[in-house]
Structures are given as C-alpha cells and as structure tokens.
file structure-v7.txt (compact mmCIF, C-alpha atoms and all ligand atoms)
# COMPACT_ATOMS: atom_id res chain seq x y z
CA MET H 208 84.56 -91.38 -106.20
CA SER H 209 81.98 -93.81 -107.40
CA SER H 210 79.10 -92.34 -105.44
CA GLN H 211 79.91 -89.05 -107.13
CA ASP H 212 80.14 -90.54 -110.58
CA ASN H 213 77.41 -90.10 -113.09
CA GLU H 214 75.08 -93.04 -113.49
CA THR H 215 75.37 -95.65 -116.17
CA ILE H 216 73.03 -94.87 -119.01
CA ILE H 217 73.99 -97.48 -121.59
CA GLU H 218 75.19 -100.98 -121.01
CA LEU H 219 75.87 -103.47 -123.77
CA LYS H 220 76.85 -106.96 -122.71
CA GLY H 221 78.13 -109.46 -125.20
CA VAL H 222 76.28 -107.87 -128.09
CA SER H 223 76.80 -109.46 -131.48
CA LYS H 224 75.35 -108.61 -134.83
CA ARG H 225 75.58 -111.32 -137.45
CA TYR H 226 74.81 -111.19 -141.09
CA GLY H 227 74.42 -114.16 -143.38
CA PHE H 228 74.59 -117.86 -142.65
CA GLY H 229 77.10 -120.62 -142.97
CA ASP H 230 80.04 -119.72 -145.17
CA ALA H 231 78.57 -116.29 -145.73
CA GLU H 232 78.25 -115.54 -142.04
CA SER H 233 79.98 -112.40 -140.87
CA TYR H 234 79.93 -110.29 -137.76
CA ALA H 235 79.35 -106.56 -137.82
CA LEU H 236 79.69 -106.61 -134.03
CA ARG H 237 81.31 -109.37 -132.07
CA ASN H 238 80.67 -109.93 -128.38
CA PHE H 239 80.67 -106.24 -127.75
CA ASP H 240 80.72 -104.85 -124.20
CA LEU H 241 80.24 -101.17 -123.54
CA THR H 242 79.29 -99.18 -120.48
CA VAL H 243 78.48 -95.52 -120.94
CA LYS H 244 78.03 -93.05 -118.10
CA ARG H 245 75.70 -90.14 -118.34
CA GLY H 246 77.67 -87.12 -119.46
CA GLU H 247 80.27 -88.94 -121.52
CA PHE H 248 81.17 -87.62 -124.95
CA ILE H 249 82.39 -90.67 -126.77
CA MET H 250 83.97 -90.65 -130.19
CA ILE H 251 83.97 -93.90 -132.09
CA MET H 252 86.62 -94.32 -134.74
CA GLY H 253 87.79 -97.13 -136.94
CA PRO H 254 88.08 -98.18 -140.56
CA SER H 255 85.08 -98.35 -142.83
CA GLY H 256 83.08 -101.50 -142.25
CA CYS H 257 84.30 -102.11 -138.71
CA GLY H 258 80.79 -101.84 -137.28
CA LYS H 259 80.50 -98.23 -136.10
CA THR H 260 77.13 -97.53 -137.68
CA THR H 261 75.83 -100.92 -136.60
CA LEU H 262 76.82 -100.11 -133.03
CA LEU H 263 75.13 -96.72 -133.14
CA ASN H 264 71.99 -98.18 -134.68
CA ILE H 265 71.76 -100.84 -132.01
CA ILE H 266 72.31 -98.29 -129.26
CA GLY H 267 69.68 -96.10 -130.92
CA LEU H 268 67.20 -98.97 -131.17
CA LEU H 269 67.10 -98.66 -134.94
CA ASP H 270 68.61 -102.09 -135.27
CA GLN H 271 68.45 -105.25 -133.21
CA ALA H 272 71.40 -107.25 -131.99
CA SER H 273 71.57 -110.93 -132.95
CA SER H 274 72.51 -111.75 -129.37
CA GLY H 275 73.53 -110.07 -126.16
CA GLU H 276 71.99 -107.77 -123.59
CA TYR H 277 71.24 -104.09 -123.84
CA TYR H 278 70.26 -101.89 -120.90
CA LEU H 279 69.23 -98.38 -121.71
CA ALA H 280 68.64 -96.10 -118.72
CA GLY H 281 68.42 -99.23 -116.60
CA LYS H 282 65.80 -100.95 -118.75
CA ASN H 283 66.48 -104.12 -120.64
CA VAL H 284 65.58 -103.13 -124.16
CA ALA H 285 67.24 -105.93 -126.08
CA ARG H 286 64.02 -107.66 -126.94
CA VAL H 287 61.14 -105.30 -126.44
CA SER H 288 58.47 -104.88 -129.07
CA ALA H 289 58.95 -102.58 -132.03
CA GLY H 290 56.30 -100.20 -130.73
CA LYS H 291 57.93 -99.90 -127.33
CA LYS H 292 61.27 -99.37 -128.99
CA ALA H 293 59.88 -96.57 -131.09
CA ARG H 294 58.48 -94.86 -128.02
CA PHE H 295 61.64 -95.37 -126.04
CA ARG H 296 63.69 -94.07 -128.92
CA ALA H 297 61.52 -91.00 -129.29
CA LYS H 298 61.87 -90.19 -125.61
CA GLU H 299 65.47 -91.01 -124.98
CA ILE H 300 67.47 -90.65 -128.16
CA GLY H 301 68.26 -87.89 -130.59
CA PHE H 302 69.90 -88.75 -133.90
CA ILE H 303 72.19 -86.75 -136.11
CA PHE H 304 73.26 -88.24 -139.43
CA GLN H 305 75.98 -87.51 -141.92
CA ASN H 306 73.54 -86.47 -144.60
CA PHE H 307 71.27 -84.57 -142.22
CA ASN H 308 68.19 -86.64 -143.07
CA LEU H 309 65.76 -83.79 -143.09
CA VAL H 310 62.44 -84.64 -144.70
CA PRO H 311 62.65 -82.84 -148.04
CA THR H 312 58.94 -82.18 -148.34
CA LEU H 313 58.59 -80.54 -144.95
CA SER H 314 59.59 -77.07 -143.86
CA ILE H 315 62.43 -76.56 -141.43
CA LEU H 316 59.92 -75.87 -138.69
CA GLU H 317 58.01 -79.07 -139.38
CA ASN H 318 61.21 -81.08 -139.59
CA VAL H 319 62.33 -79.92 -136.19
CA SER H 320 58.94 -80.67 -134.66
CA LEU H 321 58.84 -84.25 -135.94
CA PRO H 322 60.22 -86.06 -132.88
CA LEU H 323 57.44 -84.55 -130.79
CA ILE H 324 54.84 -86.54 -132.65
CA TYR H 325 55.38 -89.29 -130.11
CA SER H 326 55.02 -86.91 -127.21
CA GLY H 327 51.28 -86.65 -127.51
CA CYS H 328 51.17 -82.90 -127.79
CA ARG H 329 49.18 -81.25 -130.51
CA LYS H 330 50.64 -79.83 -133.66
CA SER H 331 50.36 -76.17 -132.72
CA ARG H 332 52.37 -76.79 -129.59
CA ARG H 333 54.90 -78.89 -131.43
CA LEU H 334 55.45 -76.09 -133.90
CA ARG H 335 55.79 -73.55 -131.12
CA MET H 336 58.44 -75.66 -129.46
CA ALA H 337 60.24 -76.07 -132.77
CA ASP H 338 60.08 -72.34 -133.32
CA ASN H 339 61.59 -71.83 -129.91
CA ILE H 340 64.51 -74.13 -130.37
CA LEU H 341 65.20 -72.80 -133.87
CA GLU H 342 65.44 -69.35 -132.40
CA HIS H 343 68.26 -70.52 -130.22
CA PHE H 344 70.06 -71.90 -133.20
CA HIS H 345 69.55 -68.58 -134.95
CA LEU H 346 67.60 -70.30 -137.66
CA ARG H 347 64.21 -68.87 -136.95
CA GLU H 348 64.28 -66.72 -140.02
CA ARG H 349 64.71 -69.90 -142.04
CA GLU H 350 61.95 -71.87 -140.43
CA TYR H 351 59.57 -71.70 -143.38
CA TYR H 352 62.30 -72.62 -145.83
CA MET H 353 62.55 -76.08 -147.27
CA PRO H 354 65.68 -78.11 -146.49
CA TYR H 355 67.10 -77.73 -150.00
CA GLN H 356 67.18 -73.97 -149.52
CA LEU H 357 69.68 -74.27 -146.70
CA SER H 358 73.40 -74.90 -146.83
CA GLY H 359 74.82 -78.17 -145.55
CA GLY H 360 76.00 -76.58 -142.32
CA GLN H 361 72.62 -74.99 -141.72
CA GLN H 362 70.84 -78.26 -142.43
CA GLN H 363 73.00 -80.01 -139.90
CA ARG H 364 72.21 -77.38 -137.31
CA VAL H 365 68.52 -77.91 -138.05
CA ALA H 366 69.12 -81.62 -137.57
CA ILE H 367 70.77 -80.91 -134.22
CA ALA H 368 67.80 -78.81 -133.17
CA ARG H 369 65.53 -81.67 -134.21
CA SER H 370 67.61 -84.16 -132.25
CA LEU H 371 67.20 -82.08 -129.09
CA ILE H 372 63.60 -81.07 -129.22
CA ALA H 373 62.16 -84.05 -127.37
CA ASP H 374 64.65 -83.73 -124.51
CA PRO H 375 66.48 -86.95 -125.19
CA SER H 376 69.01 -88.29 -122.72
CA ILE H 377 71.41 -89.41 -125.41
CA ILE H 378 72.55 -87.89 -128.69
CA LEU H 379 73.85 -90.29 -131.31
CA ALA H 380 75.72 -88.77 -134.22
CA ASP H 381 76.97 -90.83 -137.16
CA GLU H 382 79.71 -88.82 -138.86
CA PRO H 383 77.81 -85.56 -138.40
CA THR H 384 80.58 -83.51 -139.96
CA GLY H 385 81.33 -85.99 -142.73
CA ASN H 386 79.69 -83.84 -145.39
CA LEU H 387 80.90 -80.48 -144.12
CA ASP H 388 83.99 -78.41 -144.68
CA SER H 389 86.26 -77.71 -141.77
CA ARG H 390 84.68 -74.41 -140.86
CA ASN H 391 81.20 -75.84 -140.70
CA SER H 392 82.54 -78.93 -138.96
CA HIS H 393 83.93 -76.70 -136.29
CA ILE H 394 80.61 -74.92 -135.87
CA ILE H 395 78.80 -78.23 -135.50
CA MET H 396 81.38 -79.45 -133.02
CA GLU H 397 80.95 -76.33 -130.96
CA GLU H 398 77.22 -76.95 -130.82
CA LEU H 399 77.83 -80.51 -129.73
CA GLN H 400 80.34 -79.41 -127.15
CA GLU H 401 77.84 -76.99 -125.70
CA ILE H 402 75.20 -79.69 -125.60
CA HIS H 403 77.64 -82.00 -123.89
CA SER H 404 78.82 -79.43 -121.38
CA GLN H 405 75.30 -79.23 -120.04
CA GLY H 406 75.37 -82.85 -119.02
CA ASN H 407 74.13 -84.62 -122.12
CA THR H 408 75.55 -87.90 -123.27
CA ILE H 409 76.88 -87.95 -126.81
CA ILE H 410 78.17 -90.83 -128.85
CA MET H 411 79.61 -89.76 -132.15
CA VAL H 412 81.23 -91.64 -134.99
CA THR H 413 83.94 -89.80 -136.85
CA HIS H 414 86.78 -90.40 -139.25
CA ASN H 415 88.48 -87.20 -138.25
CA PRO H 416 91.08 -87.67 -135.50
CA ALA H 417 91.27 -83.91 -134.99
CA LEU H 418 87.75 -83.94 -133.57
CA THR H 419 88.65 -86.26 -130.73
CA THR H 420 89.79 -83.23 -128.74
CA TYR H 421 86.11 -82.69 -128.00
CA ALA H 422 85.63 -86.16 -126.57
CA THR H 423 85.93 -87.45 -123.04
CA ARG H 424 86.55 -90.93 -124.37
CA VAL H 425 87.81 -92.31 -127.65
CA ILE H 426 87.01 -95.82 -128.76
CA ASN H 427 88.76 -97.34 -131.74
CA MET H 428 86.99 -100.27 -133.32
CA LEU H 429 88.36 -103.01 -135.48
CA ASP H 430 86.40 -105.83 -137.09
CA GLY H 431 83.37 -105.44 -134.87
CA GLU H 432 85.33 -105.26 -131.65
CA ILE H 433 86.87 -102.62 -129.44
CA ASP H 434 90.51 -102.16 -130.32
CA THR H 435 91.35 -99.36 -127.91
CA ASP H 436 89.20 -97.49 -125.41
CA ILE H 437 90.74 -94.42 -123.82
CA LYS H 438 89.09 -92.06 -121.38
CA THR H 439 90.59 -88.61 -121.51
CA VAL H 440 88.34 -87.27 -118.76
CA ASP H 441 87.75 -89.04 -115.49
CA ASP H 442 84.17 -90.15 -114.77
CA SER H 443 84.09 -87.92 -111.73
CA GLU H 444 84.78 -84.93 -113.94
CA LEU H 445 81.99 -85.49 -116.41
CA PRO H 446 79.48 -82.68 -116.71
CA ARG H 447 76.18 -83.18 -115.03
CA GLY H 448 72.70 -82.10 -115.74
CA GLY H 449 70.34 -80.88 -113.07
CA LYS H 450 69.07 -83.97 -111.29
CA ASN H 451 69.31 -87.56 -112.25
CA GLU H 452 66.77 -86.75 -114.82
CA LYS H 453 67.12 -86.21 -118.47
CA VAL H 454 68.84 -83.05 -119.36
CA SER H 455 68.85 -81.09 -122.50
CA VAL H 456 70.14 -77.96 -123.93
CA LYS H 457 68.41 -75.08 -122.29
CA VAL H 458 70.74 -72.44 -123.53
CA LEU H 459 72.51 -72.68 -126.78
CA PRO H 460 75.50 -70.68 -127.75
CA SER H 461 74.68 -67.47 -129.33
CA ARG H 462 76.13 -66.61 -132.63
CA ASP H 463 75.26 -64.42 -135.45
CA PRO H 464 73.24 -66.02 -138.16
CA ILE H 465 75.90 -67.71 -140.14
CA GLN H 466 75.92 -67.87 -143.84
CA MET H 467 77.55 -71.19 -144.20
CA GLU H 468 78.82 -72.51 -147.43
CA ILE H 469 77.18 -75.39 -149.17
CA THR H 470 79.92 -77.91 -149.28
CA SER H 471 78.04 -80.88 -150.39
CA GLU H 472 74.79 -81.34 -152.17
CA SER H 473 74.31 -84.63 -150.48
CA ASP H 474 71.04 -86.40 -150.90
CA VAL H 475 68.61 -85.78 -148.18
CA VAL H 476 67.38 -89.15 -147.12
CA VAL H 477 64.63 -89.90 -144.72
CA SER H 478 66.02 -92.51 -142.52
CA GLY H 479 65.49 -94.28 -139.27
CA GLU H 480 61.79 -94.64 -139.30
CA ASN H 481 58.78 -93.57 -141.21
CA VAL H 482 57.60 -90.24 -140.08
CA THR H 483 54.20 -88.75 -140.29
CA THR H 484 52.99 -85.26 -139.79
CA GLU H 485 49.59 -86.29 -138.65
CA GLU H 486 48.14 -84.91 -135.49
CA ALA H 487 49.13 -86.69 -132.33
CA PRO H 488 46.33 -88.79 -130.90
CA GLU H 489 45.90 -87.05 -127.60
CA GLU H 490 46.09 -83.46 -126.81
CA LYS H 491 47.81 -82.81 -123.56
CA ALA H 492 46.38 -80.36 -121.09
CA GLU H 493 49.70 -78.82 -120.31
CA GLU H 494 49.48 -76.92 -123.54
CA LYS H 495 50.32 -73.69 -121.81
CA GLU H 496 53.66 -74.55 -120.38
CA THR H 497 55.38 -74.43 -123.67
CA LYS H 498 58.87 -75.67 -123.25
CA LYS H 499 61.45 -73.01 -123.69
CA PRO H 500 64.85 -74.27 -124.64
CA ALA H 501 66.34 -71.31 -122.86
CA ALA H 502 64.33 -71.62 -119.72
CA LYS H 503 67.04 -72.80 -117.42
CA LYS H 504 70.61 -73.52 -117.59
CA SER H 505 72.46 -76.23 -115.86
CA SER H 506 74.48 -74.62 -113.17
CA SER H 507 76.89 -77.43 -112.67
CA LYS H 508 78.90 -77.01 -115.74
CA LYS H 509 82.42 -78.18 -115.32
CA SER H 510 85.32 -77.55 -117.49
CA THR H 511 86.16 -81.03 -118.50
CA LYS H 512 87.69 -80.11 -121.73
CA LYS H 513 91.29 -79.93 -122.54
CA LYS H 514 90.24 -77.74 -125.34
CA SER H 515 87.92 -75.00 -124.35
CA THR H 516 86.34 -73.27 -127.23
CA SER H 517 85.28 -69.73 -126.78
CA LYS H 518 81.77 -69.49 -125.54
CA LYS H 519 79.98 -66.57 -126.89
CA LYS H 520 77.61 -64.96 -124.53
CA GLY H 521 74.50 -63.13 -125.00
CA ALA H 522 71.50 -64.30 -126.86
CA LYS H 523 69.99 -66.43 -124.18
CA LYS H 524 66.89 -65.08 -122.63
P1 LIG P 1 80.99 -98.78 -140.44
O1 LIG P 1 79.89 -97.87 -140.02
O2 LIG P 1 82.07 -98.92 -139.42
O3 LIG P 1 81.56 -98.42 -141.77
P2 LIG P 1 78.89 -100.77 -140.58
O4 LIG P 1 78.38 -100.87 -139.21
O5 LIG P 1 78.09 -100.00 -141.55
O6 LIG P 1 80.39 -100.26 -140.57
O7 LIG P 1 79.07 -102.24 -141.17
C1 LIG P 1 79.77 -103.24 -140.48
C2 LIG P 1 79.80 -104.49 -141.28
O8 LIG P 1 78.51 -105.04 -141.37
C3 LIG P 1 80.30 -104.27 -142.70
O9 LIG P 1 81.12 -105.33 -143.04
C4 LIG P 1 79.03 -104.28 -143.49
O10 LIG P 1 79.28 -104.77 -144.78
C5 LIG P 1 78.15 -105.23 -142.72
N1 LIG P 1 76.75 -104.93 -142.89
C6 LIG P 1 76.13 -103.80 -142.48
N2 LIG P 1 74.83 -103.84 -142.78
C7 LIG P 1 74.62 -105.02 -143.42
C8 LIG P 1 73.49 -105.65 -143.98
N3 LIG P 1 72.27 -105.09 -143.94
N4 LIG P 1 73.66 -106.86 -144.54
C9 LIG P 1 74.86 -107.46 -144.59
N5 LIG P 1 75.98 -106.92 -144.06
C10 LIG P 1 75.87 -105.72 -143.48
MG MG P 2 79.13 -96.11 -140.93
call {"tool": "encode", "arguments": {"input": "structure-v7.txt", "output": "structure tokens"}}
result
Amino acid sequence: MSSQDNETIIELKGVSKRYGFGDAESYALRNFDLTVKRGEFIMIMGPSGCGKTTLLNIIGLLDQASSGEYYLAGKNVARVSAGKKARFRAKEIGFIFQNFNLVPTLSILENVSLPLIYSGCRKSRRLRMADNILEHFHLREREYYMPYQLSGGQQQRVAIARSLIADPSIILADEPTGNLDSRNSHIIMEELQEIHSQGNTIIMVTHNPALTTYATRVINMLDGEIDTDIKTVDDSELPRGGKNEKVSVKVLPSRDPIQMEITSESDVVVSGENVTTEEAPEEKAEEKETKKPAAKKSSSKKSTKKKSTSKKKGAKK
C-alpha cells in the first residue's frame, strides 16, 4: 500500500525541549519522534503540562527545539533563520487557538486577511480574499464587526477562516473548543472535519475524549513523551487533496448563519507573532485571479470516518 499512501509531511526525530539548567532543568519534550502523513487528523491528549502546546509550537515553527531534527514538507527546518521560519509558517501552517487570538483592534475582515500579508499581494486583494472565505463561513455580514462583537463560537469560526486563507498544508489547533460550550464545540469540529475530509492535515490538542471520534489518530502524551499512539484509520484510507500539492478548503459546509451563544468572555490575545496591517511590499500581477474558496472541490473525498456527521449541501457556488 505504501505507494498509495499519502506522503510524509511532518517528521520530528529525537526532538527535545529543555527549560532551565542544572537542578532546575526540565524537559517539556523528551526525545520526541513523530511522523505525520498528509491527510491525518491527529488529536493530542494528555494531562496539563505534558508538553502538548510545546509540541504544537515547535511543529508550527513558533518555538525552537533544544535538540533534534524537524522536517516539514521535506525541508529541514530545525535551524533555519527566524525570517525563513516566518515565511515558511505563513505559507504552510494555519493556527487556531483556544482563545481565538483575533486582533482586537482590527475588523473581522482585516483579521482574516492577516496571514496574506506574507503572500505579497496588495491589501485590496487580501481583503477580497478574506471577504470570499468569510462568505463561505456565513460570516460575511459580520465582516465589519470588531471581534468583541462576536460570540465565542463565531470568533473561533473567524479564526478558522483566518487559518485557511493562505492555503496552508497543515492546520494546528491548540484546544480550539476549550472555551466553547458543547454545541459550539460541535460546530467547530464539523468545520474541522470538513477541512480534513478535503485532504488537509490537522493536528489538534484537546482535553475532551469525546472529540477523538473525529480523529484518524490519537496520541496520548505523558511527561514530554508519547504514551500511546493509536491510528484509527489506515494511512491508505486517509483523504487526499488534488495533487501532491497543498490543498485547502474550497467548499465549506453550508449552514444558516448561526447565532451562537457567548460562552466565555475570554481575553483576546494576539499571539504567535507580531502582525502588521501595512501594505505588502510587492504587488503581484495576478491580481485578477482572486482566489475563490469555493472554486473547486476535491473529488477524492473518502469516507474515513467512523462517525459521519451530516453534511449539509447547498451554499457552495
Ligand atoms: P501542555 O500544553 O501539555 O499543558 P506545555 O507544552 O504548555 O504543556 O508545557 C510543558 C512543560 O513545559 C510544562 O511543565 C511547562 O511548565 C513547561 N514550560 C512551558 N513553557 C515554559 C517556559 N517558557 N519556561 C519554562 N518552562 C516552560
Ligand atoms: Mg497547552
């Protein structure tokens, strides 16, 4: 089956993250090996402090391992410069955080367009693309709102839209439903499942064992190491995107605009990196071919799920 299997997209070899020195030395990650195939939906579980966020931050190039090797999409990224990391991150990785991390002083539209700053396209195009993807999340009518005017569930959907806009190959989500009630959690998980079913790779940290039904693989961590690692879907059954290229959500599930409850007035924190809304340096000529999230749909969707949530049809165009 191996020739049929999806390619390896992430490979960690002997990665350790140390804090402190001497007596105070401790390991957030200890000699950690992990191979991730494109199209996996991995849930990471484990007690608080076992290194889940550290792992995600290293995979997402937000943090640097103390030692070990890291190959992302075949490239050794363990020790590249901060600038290269930022560019690689912008191209390859979408982040979703527990507390949404929308920039409080920017509109929803501007928030969603932020990852495109690295893409070199001009602001008007970035905003058009953001408008497009928000439409598919049924949040267009909120695009000139500020984050505080949205419920927690809506903010997280905005954050998901933001995580997808630059066509990343990997989505990293650190307890994305941690601040949401069960109904909103379910909505977010359905979004993620749809994103996954189109061939995207997702690595998600959660405390909620009920959510592991969405995963193709569940890793339990303990003290910076893998405790158990169970694949519930065979590699050969993982969903695929179009080619060997990056894939993204082209069609998102349609649903009525949802008035979701505010379940937590969590602080909105800007995290990860400093963002700027300044104009991108170059203006790309391909201004016309505005990316449409709904332009094409992966045809090779496979039902890899034990649990198949109802897919609503319709609003794609
Ligand atoms: P989890 O996400 O599983 O709760 P973390 O990855 O946040 O765990 O943390 C793993 C371990 O690393 C914890 O023991 C934590 O205290 C430690 N740690 C995380 N960040 C730092 C830091 N900046 N300085 C010192 N220790 C840290
Ligand atoms: Mg954590």
call {"tool": "closest_residue", "arguments": {"input": "structure-v7.txt", "among": "H:Leu219, H:Leu429, H:Ile367, H:Leu379", "to": "Leu309 of chain H", "atoms": "all atoms listed in the file"}}
result
H:Ile367
call {"tool": "residues_near_ligand", "arguments": {"input": "structure-v7.txt", "ligand": "ligand MG 2 (chain P)", "cutoff": "10 Å", "atoms": "all atoms listed in the file", "output": "NGL selection string"}}
result
:H and (252-264 or 304-305 or 381-382 or 412-414)
call {"tool": "atom_distance", "arguments": {"input": "structure-v7.txt", "atom1": "atom CA of Ala280 of chain H", "atom2": "atom CA of Phe248 of chain H"}}
result
16.4 Å
call {"tool": "closest_residue", "arguments": {"input": "structure-v7.txt", "among": "H:Ser326, H:Asn308, H:Thr242, H:Ser233", "to": "Ile426 of chain H", "atoms": "only C-alpha atoms"}}
result
H:Thr242
call {"tool": "residues_around", "arguments": {"input": "structure-v7.txt", "residues": "segment 290-292 of chain H", "least_positions_apart": "2", "cutoff": "12 Å", "atoms": "all atoms listed in the file", "output": "ChimeraX atom specification"}}
result
/H:265-271,279,282-288,294-300,325,480
call {"tool": "write_last_selection", "arguments": {"input": "structure-v7.txt", "atoms": "C-alpha atoms", "output": "mmCIF file, in the frame of the given file"}}
result
data_model
loop_
_atom_site.group_PDB
_atom_site.id
_atom_site.type_symbol
_atom_site.label_atom_id
_atom_site.label_comp_id
_atom_site.auth_asym_id
_atom_site.auth_seq_id
_atom_site.Cartn_x
_atom_site.Cartn_y
_atom_site.Cartn_z
ATOM 1 C CA ILE H 265 71.760 -100.840 -132.010
ATOM 2 C CA ILE H 266 72.310 -98.290 -129.260
ATOM 3 C CA GLY H 267 69.680 -96.100 -130.920
ATOM 4 C CA LEU H 268 67.200 -98.970 -131.170
ATOM 5 C CA LEU H 269 67.100 -98.660 -134.940
ATOM 6 C CA ASP H 270 68.610 -102.090 -135.270
ATOM 7 C CA GLN H 271 68.450 -105.250 -133.210
ATOM 8 C CA LEU H 279 69.230 -98.380 -121.710
ATOM 9 C CA LYS H 282 65.800 -100.950 -118.750
ATOM 10 C CA ASN H 283 66.480 -104.120 -120.640
ATOM 11 C CA VAL H 284 65.580 -103.130 -124.160
ATOM 12 C CA ALA H 285 67.240 -105.930 -126.080
ATOM 13 C CA ARG H 286 64.020 -107.660 -126.940
ATOM 14 C CA VAL H 287 61.140 -105.300 -126.440
ATOM 15 C CA SER H 288 58.470 -104.880 -129.070
ATOM 16 C CA ARG H 294 58.480 -94.860 -128.020
ATOM 17 C CA PHE H 295 61.640 -95.370 -126.040
ATOM 18 C CA ARG H 296 63.690 -94.070 -128.920
ATOM 19 C CA ALA H 297 61.520 -91.000 -129.290
ATOM 20 C CA LYS H 298 61.870 -90.190 -125.610
ATOM 21 C CA GLU H 299 65.470 -91.010 -124.980
ATOM 22 C CA ILE H 300 67.470 -90.650 -128.160
ATOM 23 C CA TYR H 325 55.380 -89.290 -130.110
ATOM 24 C CA GLU H 480 61.790 -94.640 -139.300
#
call {"tool": "atom_distance", "arguments": {"input": "structure-v7.txt", "atom1": "atom CA of Gly385 of chain H", "atom2": "atom CA of Arg237 of chain H"}}
result
25.7 Å
call {"tool": "closest_residue", "arguments": {"input": "structure-v7.txt", "among": "H:Gly281, H:Pro383, H:Pro322, H:Gly359", "to": "Val243 of chain H", "atoms": "only C-alpha atoms"}}
result
H:Gly281
call {"tool": "closest_residue", "arguments": {"input": "structure-v7.txt", "among": "H:Val425, H:Leu241, H:Leu399, H:Met411", "to": "ligand LIG 1 (chain P)", "atoms": "all atoms listed in the file"}}
result
H:Met411
